[in-house]
file structure-v9.cif (mmCIF, C-alpha atoms and all ligand atoms)
data_entry
#
loop_
_atom_site.label_atom_id
_atom_site.label_comp_id
_atom_site.auth_asym_id
_atom_site.auth_seq_id
_atom_site.Cartn_x
_atom_site.Cartn_y
_atom_site.Cartn_z
CA MET A 453 26.14 8.76 -1.35
CA SER A 454 26.46 9.32 2.39
CA ASN A 455 24.06 7.49 4.63
CA GLU A 456 23.99 10.05 7.43
CA LEU A 457 20.79 11.50 8.78
CA THR A 458 20.36 14.93 7.18
CA LEU A 459 16.73 15.68 8.08
CA SER A 460 15.75 17.54 11.26
CA ARG A 461 13.12 16.01 13.53
CA GLU A 462 10.70 18.63 12.18
CA ASP A 463 11.38 17.58 8.56
CA ILE A 464 10.95 13.90 9.44
CA VAL A 465 7.53 14.55 10.99
CA ARG A 466 6.50 16.76 8.07
CA LEU A 467 7.47 14.14 5.47
CA CYS A 468 5.84 11.41 7.51
CA GLU A 469 2.56 13.35 7.57
CA ARG A 470 2.83 13.77 3.80
CA VAL A 471 3.34 10.04 3.24
CA GLU A 472 0.64 9.09 5.74
CA GLY A 473 -1.87 11.39 3.99
CA ALA A 474 -1.05 9.85 0.60
CA GLN A 475 -1.36 6.30 1.99
CA ARG A 476 -4.62 6.93 3.86
CA ARG A 477 -6.39 8.96 1.20
CA ALA A 478 -4.81 7.26 -1.84
CA TYR A 479 -3.37 10.19 -3.73
CA ALA A 480 -0.05 10.51 -5.51
CA ILE A 481 2.67 12.83 -4.22
CA PRO A 482 5.97 13.91 -5.79
CA LYS A 483 9.00 11.96 -4.66
CA LEU A 484 10.32 13.38 -1.39
CA THR A 485 13.78 14.09 -2.80
CA ASP A 486 12.27 16.78 -5.08
CA GLU A 487 12.06 18.96 -1.97
CA TYR A 488 14.95 17.36 -0.04
CA PRO A 489 17.54 16.39 -2.71
CA ALA A 490 20.15 15.53 -0.07
CA MET A 491 17.84 12.98 1.57
CA THR A 492 19.66 9.70 2.34
CA VAL A 493 18.59 6.10 2.96
CA ALA A 494 18.98 6.81 6.71
CA ASP A 495 16.54 9.72 6.35
CA GLY A 496 14.11 7.40 4.50
CA TYR A 497 14.24 4.91 7.39
CA ALA A 498 13.74 7.74 9.91
CA VAL A 499 10.53 8.77 8.11
CA GLN A 500 9.46 5.10 7.92
CA ALA A 501 10.11 4.64 11.67
CA GLU A 502 7.98 7.70 12.43
CA LEU A 503 5.20 6.30 10.21
CA ARG A 504 5.34 3.00 12.10
CA ARG A 505 5.26 4.82 15.43
CA ARG A 506 2.17 6.77 14.35
CA TYR A 507 0.28 3.74 13.01
CA LEU A 508 1.03 1.72 16.16
CA ALA A 509 -0.10 4.67 18.32
CA GLN A 510 -3.37 4.58 16.34
CA GLY A 511 -3.89 0.92 17.32
CA HIS A 512 -2.45 -0.90 14.29
CA LYS A 513 -0.51 -4.04 15.28
CA LEU A 514 2.94 -4.82 13.91
CA VAL A 515 2.74 -8.28 12.29
CA GLY A 516 6.13 -8.42 10.63
CA TRP A 517 8.32 -7.03 7.88
CA LYS A 518 8.99 -7.26 4.16
CA ALA A 519 12.16 -7.22 2.13
CA GLY A 520 11.71 -5.23 -1.08
CA LEU A 521 13.65 -4.67 -4.28
CA THR A 522 15.35 -8.02 -3.75
CA SER A 523 15.26 -9.51 -7.24
CA LYS A 524 17.38 -8.48 -10.22
CA ALA A 525 14.13 -8.05 -12.21
CA LYS A 526 12.87 -5.64 -9.58
CA MET A 527 16.11 -3.74 -9.18
CA GLN A 528 16.29 -3.26 -12.94
CA GLN A 529 12.61 -2.32 -13.12
CA MET A 530 13.14 0.32 -10.43
CA GLY A 531 16.64 1.43 -11.41
CA VAL A 532 18.17 0.79 -7.97
CA ASN A 533 20.83 -1.60 -6.72
CA VAL A 534 20.12 -1.95 -2.99
CA PRO A 535 17.28 -3.89 -1.33
CA SER A 536 15.08 -2.21 1.26
CA ILE A 537 12.72 -3.17 4.08
CA GLY A 538 9.26 -2.10 5.24
CA PHE A 539 6.93 -2.98 8.10
CA LEU A 540 3.65 -4.95 7.89
CA THR A 541 0.62 -4.40 10.10
CA ASP A 542 -2.61 -6.26 10.77
CA ARG A 543 -4.54 -3.61 8.78
CA MET A 544 -2.68 -4.54 5.59
CA ALA A 545 -3.57 -8.27 5.80
CA ARG A 546 -6.32 -9.67 3.58
CA PRO A 547 -7.71 -13.23 3.55
CA GLU A 548 -6.97 -15.69 0.75
CA ASN A 549 -9.21 -15.12 -2.31
CA SER A 550 -10.76 -11.98 -0.82
CA ALA A 551 -11.87 -8.93 -2.80
CA VAL A 552 -9.35 -6.12 -2.35
CA LYS A 553 -10.47 -2.55 -3.04
CA THR A 554 -8.38 -0.60 -5.55
CA SER A 555 -10.10 2.73 -4.84
CA ASP A 556 -8.06 3.12 -1.66
CA MET A 557 -4.77 2.63 -3.51
CA VAL A 558 -2.86 4.74 -6.04
CA HIS A 559 -0.98 2.33 -8.34
CA PRO A 560 -1.71 -1.21 -7.10
CA ARG A 561 0.54 -3.99 -8.40
CA VAL A 562 1.00 -7.59 -7.30
CA GLU A 563 4.08 -9.68 -6.58
CA CYS A 564 4.51 -13.39 -5.69
CA GLU A 565 6.66 -13.93 -2.63
CA VAL A 566 7.72 -16.64 -0.20
CA ALA A 567 6.69 -15.66 3.35
CA PHE A 568 8.47 -16.90 6.48
CA VAL A 569 6.90 -17.23 9.93
CA THR A 570 9.51 -17.25 12.68
CA ARG A 571 9.58 -19.11 15.97
CA LYS A 572 12.77 -17.60 17.44
CA THR A 573 14.10 -14.07 17.72
CA LEU A 574 16.55 -13.11 14.97
CA LYS A 575 19.21 -10.47 15.62
CA GLY A 576 21.81 -8.86 13.40
CA PRO A 577 24.38 -7.88 12.44
CA GLY A 578 25.79 -10.90 10.68
CA CYS A 579 22.52 -12.83 10.38
CA THR A 580 22.98 -15.77 7.99
CA ARG A 581 20.76 -17.91 5.78
CA GLN A 582 21.21 -20.76 8.28
CA ASP A 583 20.19 -18.53 11.22
CA VAL A 584 17.01 -17.68 9.32
CA LEU A 585 16.23 -21.31 8.45
CA ASP A 586 16.85 -22.37 12.07
CA ALA A 587 14.51 -19.67 13.35
CA THR A 588 11.74 -20.36 10.81
CA ASP A 589 8.62 -22.17 11.94
CA TYR A 590 7.15 -22.51 8.43
CA VAL A 591 7.07 -20.90 5.01
CA LEU A 592 4.00 -20.17 2.91
CA PRO A 593 3.20 -18.54 -0.43
CA ALA A 594 2.04 -14.94 -0.42
CA ILE A 595 0.92 -12.20 -2.76
CA GLU A 596 2.08 -8.73 -1.89
CA ILE A 597 0.03 -5.82 -3.22
CA ILE A 598 2.39 -2.90 -3.44
CA ASP A 599 1.28 0.66 -4.03
CA SER A 600 3.86 3.32 -4.64
CA ARG A 601 2.36 6.63 -3.61
CA PHE A 602 4.74 8.59 -5.87
CA SER A 603 3.44 10.31 -9.01
CA GLY A 604 4.26 8.47 -12.22
CA PHE A 605 6.41 5.91 -10.34
CA LYS A 606 9.15 8.53 -10.20
CA PHE A 607 11.06 7.75 -7.06
CA ASP A 608 14.42 6.84 -5.61
CA LEU A 609 15.53 4.66 -2.74
CA PRO A 610 15.16 7.22 0.12
CA SER A 611 11.63 8.12 -1.08
CA VAL A 612 10.53 4.47 -1.46
CA ILE A 613 11.86 3.62 2.01
CA ALA A 614 10.02 6.60 3.54
CA ASP A 615 6.85 5.27 1.82
CA ASN A 616 7.38 1.99 3.72
CA GLY A 617 8.69 0.19 0.63
CA SER A 618 5.34 0.75 -1.14
CA SER A 619 3.67 -1.68 1.30
CA ALA A 620 -0.10 -1.73 0.97
CA ARG A 621 -1.75 -5.18 1.38
CA TYR A 622 -0.66 -8.80 1.60
CA VAL A 623 -2.36 -12.17 1.33
CA GLY A 624 -0.94 -15.46 2.63
CA GLY A 625 -2.36 -18.79 1.52
CA GLY A 626 -1.47 -22.11 -0.03
CA ARG A 627 0.22 -24.81 2.00
CA ALA A 628 2.50 -24.03 4.91
CA ARG A 629 5.68 -26.15 4.81
CA TYR A 630 8.63 -26.65 7.15
CA PRO A 631 11.66 -24.97 5.59
CA GLY A 632 13.65 -28.23 5.72
CA ASP A 633 11.01 -30.03 3.63
CA VAL A 634 11.33 -27.89 0.50
CA ASP A 635 14.23 -26.56 -1.56
CA LEU A 636 13.54 -22.88 -1.08
CA ARG A 637 16.10 -21.90 -3.71
CA THR A 638 14.50 -23.62 -6.67
CA LEU A 639 10.77 -23.11 -6.12
CA GLY A 640 9.02 -22.19 -9.35
CA VAL A 641 6.10 -19.77 -9.40
CA VAL A 642 3.61 -18.82 -12.09
CA LEU A 643 1.50 -15.70 -11.78
CA GLU A 644 -1.83 -15.68 -13.60
CA LYS A 645 -4.07 -12.68 -14.15
CA ASN A 646 -7.60 -13.36 -15.38
CA GLY A 647 -6.56 -16.90 -16.32
CA GLU A 648 -3.54 -15.83 -18.41
CA MET A 649 0.04 -16.39 -17.35
CA VAL A 650 1.61 -12.93 -16.89
CA ALA A 651 4.88 -13.74 -15.12
CA MET A 652 6.95 -16.69 -13.99
CA GLY A 653 10.14 -17.19 -12.05
CA ALA A 654 12.09 -19.20 -9.51
CA SER A 655 12.72 -18.27 -5.90
CA ALA A 656 16.48 -18.02 -6.53
CA ALA A 657 15.62 -14.67 -8.17
CA VAL A 658 15.40 -13.32 -4.61
CA LEU A 659 19.08 -12.65 -3.88
CA GLY A 660 19.94 -16.28 -4.76
CA HIS A 661 17.83 -17.66 -1.86
CA PRO A 662 14.80 -16.08 -0.13
CA ALA A 663 16.28 -16.77 3.33
CA ASP A 664 19.21 -14.51 2.37
CA ALA A 665 16.73 -11.67 1.90
CA ILE A 666 15.39 -12.28 5.42
CA ALA A 667 18.97 -12.32 6.80
CA LEU A 668 19.61 -9.01 5.12
CA LEU A 669 16.36 -7.62 6.52
CA VAL A 670 17.46 -8.65 10.01
CA ASP A 671 20.78 -6.83 9.50
CA ILE A 672 18.97 -3.67 8.34
CA LEU A 673 16.76 -3.88 11.45
CA ALA A 674 19.93 -4.18 13.56
CA GLU A 675 21.26 -0.95 12.03
CA GLN A 676 18.10 0.65 13.42
CA GLY A 677 18.65 -0.95 16.84
CA GLU A 678 15.84 -3.48 16.35
CA GLU A 679 15.48 -7.25 16.21
CA LEU A 680 12.95 -9.55 14.55
CA PRO A 681 10.76 -11.11 17.25
CA ALA A 682 9.57 -14.74 17.22
CA GLY A 683 6.16 -15.05 15.58
CA SER A 684 6.93 -12.49 12.86
CA PHE A 685 5.44 -12.83 9.36
CA VAL A 686 8.15 -11.82 6.91
CA MET A 687 7.92 -11.54 3.14
CA SER A 688 11.16 -12.19 1.32
CA GLY A 689 10.62 -10.12 -1.84
CA GLY A 690 9.00 -10.38 -5.27
CA ILE A 691 10.18 -13.31 -7.40
CA THR A 692 8.92 -11.78 -10.65
CA GLU A 693 8.33 -8.22 -11.77
CA ALA A 694 5.31 -6.44 -10.24
CA ILE A 695 2.11 -6.68 -12.32
CA ALA A 696 -0.42 -3.82 -12.38
CA VAL A 697 -4.01 -4.65 -11.40
CA LYS A 698 -7.37 -2.89 -11.77
CA PRO A 699 -10.96 -3.53 -10.65
CA GLY A 700 -12.30 -6.78 -12.10
CA ASP A 701 -8.89 -8.47 -12.17
CA SER A 702 -8.37 -11.78 -10.49
CA VAL A 703 -4.88 -13.03 -9.69
CA VAL A 704 -3.54 -16.47 -8.76
CA ALA A 705 0.07 -17.24 -7.83
CA ARG A 706 0.83 -20.96 -8.24
CA PHE A 707 3.91 -22.08 -6.35
CA GLN A 708 5.67 -25.39 -6.74
CA GLU A 709 5.45 -27.30 -3.42
CA LEU A 710 3.58 -24.50 -1.63
CA GLY A 711 0.21 -24.50 -3.42
CA SER A 712 -1.50 -21.37 -4.65
CA VAL A 713 -2.72 -18.07 -3.30
CA SER A 714 -5.26 -15.81 -4.94
CA VAL A 715 -6.86 -12.41 -4.68
CA ARG A 716 -9.52 -10.43 -6.59
CA PHE A 717 -9.77 -6.69 -7.14
CA VAL A 718 -12.87 -4.52 -6.93
CA GLU A 719 -13.48 -0.79 -7.21
O1 LIG B 1 8.18 -5.02 -2.47
C1 LIG B 1 9.00 -4.40 -3.13
O2 LIG B 1 9.78 -4.96 -3.92
C2 LIG B 1 9.10 -2.91 -2.92
C3 LIG B 1 8.90 -2.17 -4.17
C4 LIG B 1 9.14 -0.70 -4.00
C5 LIG B 1 9.08 0.04 -5.26
C6 LIG B 1 7.80 -0.14 -6.02
O3 LIG B 1 6.77 0.42 -5.63
O4 LIG B 1 7.81 -0.85 -7.01
MG MG B 2 7.40 -7.10 -2.48
#
call {"tool": "encode", "arguments": {"input": "structure-v9.cif", "output": "structure tokens"}}
result
Amino acid sequence: MSNELTLSREDIVRLCERVEGAQRRAYAIPKLTDEYPAMTVADGYAVQAELRRRYLAQGHKLVGWKAGLTSKAKMQQMGVNVPSIGFLTDRMARPENSAVKTSDMVHPRVECEVAFVTRKTLKGPGCTRQDVLDATDYVLPAIEIIDSRFSGFKFDLPSVIADNGSSARYVGGGRARYPGDVDLRTLGVVLEKNGEMVAMGASAAVLGHPADAIALLVDILAEQGEELPAGSFVMSGGITEAIAVKPGDSVVARFQELGSVSVRFVE
């Protein structure tokens, strides 16, 4: 599939308004490629960039980025073979063990991820695992709450990217560690829902090493003429499959070496 921009500026704004409406008012929409079958990944990123521009113009602050669809489990679950990125704002952040409302989301699901906080600018192309580790201030465990806005989870890569990689909320917690003090490749994680283990995995599930996912994210940013500034909060991608949640559910992700992070769901 070509990765040229096929959408006009008018189409980009129209699709962005459609996605923004679905995100703000929590309703499902058909995947964007139903109307624009020729839509490419570049078109998806153009819609995402317009969404970011609009949110920032409304006063939201850019906090960082997320790599998505980075694990084999996730790629298989979603039927795609390429990772993606999305932006994170201050409005999406929730404190550790807080109550997160499900009524303002469509299909909320949780993922356990390793988050990186950077202390140096990272620039692609050609960003490496070592570049990421050198630029990392600390890592910490995080739960990402994703929320695909597409009806019946029927989507493809351009649509998911336009929907900001299903980004909805995120929670950081546990124990922050220097990247050199832990083996980021072999960290085990157990995800519990209502006291029962529902998923488990090891951080190598994220492209072999979570820092590789951040390097790839930096290269995707470079394709869009952007860099990753120092002080960014970056999530490296779900280690296990995403688990659906509903009001009344309580979720804890227990990470080896990094402690645990939890979140509760209310109507
Ligand atoms: O964080 C992610 O892995 C992005 C997932 C995008 C697709 C979905 O909603 O599951
Ligand atoms: Mg994720």
call {"tool": "closest_residue", "arguments": {"input": "structure-v9.cif", "among": "A:Ala474, A:Leu643, A:Leu668, A:Ala545", "to": "Leu521 of chain A", "atoms": "all atoms listed in the file"}}
result
A:Leu668
call {"tool": "closest_residue", "arguments": {"input": "structure-v9.cif", "among": "A:Arg571, A:Arg561, A:Arg601, A:His661", "to": "ligand MG 2 (chain B)", "atoms": "all atoms listed in the file"}}
result
A:Arg561
call {"tool": "residues_near_ligand", "arguments": {"input": "structure-v9.cif", "ligand": "ligand LIG 1 (chain B)", "cutoff": "7 Å", "atoms": "all atoms listed in the file", "output": "number ranges by chain"}}
result
A: 519-522, 526, 530, 598-600, 612, 617-619, 689-690, 694
call {"tool": "atom_distance", "arguments": {"input": "structure-v9.cif", "atom1": "atom CA of Asn455 of chain A", "atom2": "atom CA of Tyr488 of chain A"}}
result
14.2 Å
call {"tool": "residues_near_ligand", "arguments": {"input": "structure-v9.cif", "ligand": "ligand MG 2 (chain B)", "cutoff": "12 Å", "atoms": "all atoms listed in the file", "output": "VMD selection string"}}
result
chain A and resid 517 to 523 525 to 527 535 to 540 560 to 567 594 to 600 616 to 623 658 662 665 686 to 695
call {"tool": "closest_atom_pairs", "arguments": {"input": "structure-v9.cif", "of": "segment 639-666 of chain A", "to": "segment 709-714 of chain A", "cutoff": "10 Å", "atoms": "all atoms listed in the file", "output": "CSV"}}
result
residue,atom,partner,partner_atom,distance
A:Leu639,CA,A:Glu709,CA,7.3
A:Gly640,CA,A:Glu709,CA,8.6
A:Val641,CA,A:Ser712,CA,9.1
A:Val642,CA,A:Ser712,CA,9.4
A:Leu643,CA,A:Ser712,CA,9.6
A:Glu644,CA,A:Ser714,CA,9.3
A:Lys645,CA,A:Ser714,CA,9.8
call {"tool": "closest_residue", "arguments": {"input": "structure-v9.cif", "among": "A:Val670, A:Ala614, A:Ala696, A:Ala663", "to": "Ala651 of chain A", "atoms": "all atoms listed in the file"}}
result
A:Ala696
call {"tool": "residues_around", "arguments": {"input": "structure-v9.cif", "residues": "Tyr497 of chain A", "least_positions_apart": "2", "cutoff": "8 Å", "atoms": "only C-alpha atoms", "output": "PDB file with C-alpha atoms, in the frame of the given file"}}
result
ATOM      1  CA  VAL A 493      18.590   6.100   2.960  1.00  0.00           C
ATOM      2  CA  ALA A 494      18.980   6.810   6.710  1.00  0.00           C
ATOM      3  CA  ASP A 495      16.540   9.720   6.350  1.00  0.00           C
ATOM      4  CA  VAL A 499      10.530   8.770   8.110  1.00  0.00           C
ATOM      5  CA  GLN A 500       9.460   5.100   7.920  1.00  0.00           C
ATOM      6  CA  ALA A 501      10.110   4.640  11.670  1.00  0.00           C
ATOM      7  CA  PRO A 610      15.160   7.220   0.120  1.00  0.00           C
ATOM      8  CA  ILE A 613      11.860   3.620   2.010  1.00  0.00           C
ATOM      9  CA  ALA A 614      10.020   6.600   3.540  1.00  0.00           C
TER      10      ALA A 614
END
call {"tool": "residues_around", "arguments": {"input": "structure-v9.cif", "residues": "Pro699 of chain A", "least_positions_apart": "3", "cutoff": "9 Å", "atoms": "all atoms listed in the file", "output": "JSON, numbers by chain"}}
result
{"A": [552, 553, 554, 555, 702, 716, 717, 718, 719]}
call {"tool": "closest_residue", "arguments": {"input": "structure-v9.cif", "among": "A:Arg477, A:Arg706, A:Lys606, A:Arg629", "to": "Met649 of chain A", "atoms": "all atoms listed in the file"}}
result
A:Arg706
call {"tool": "closest_residue", "arguments": {"input": "structure-v9.cif", "among": "A:Met544, A:Leu673, A:Ala682, A:Met652", "to": "Thr570 of chain A", "atoms": "all atoms listed in the file"}}
result
A:Ala682
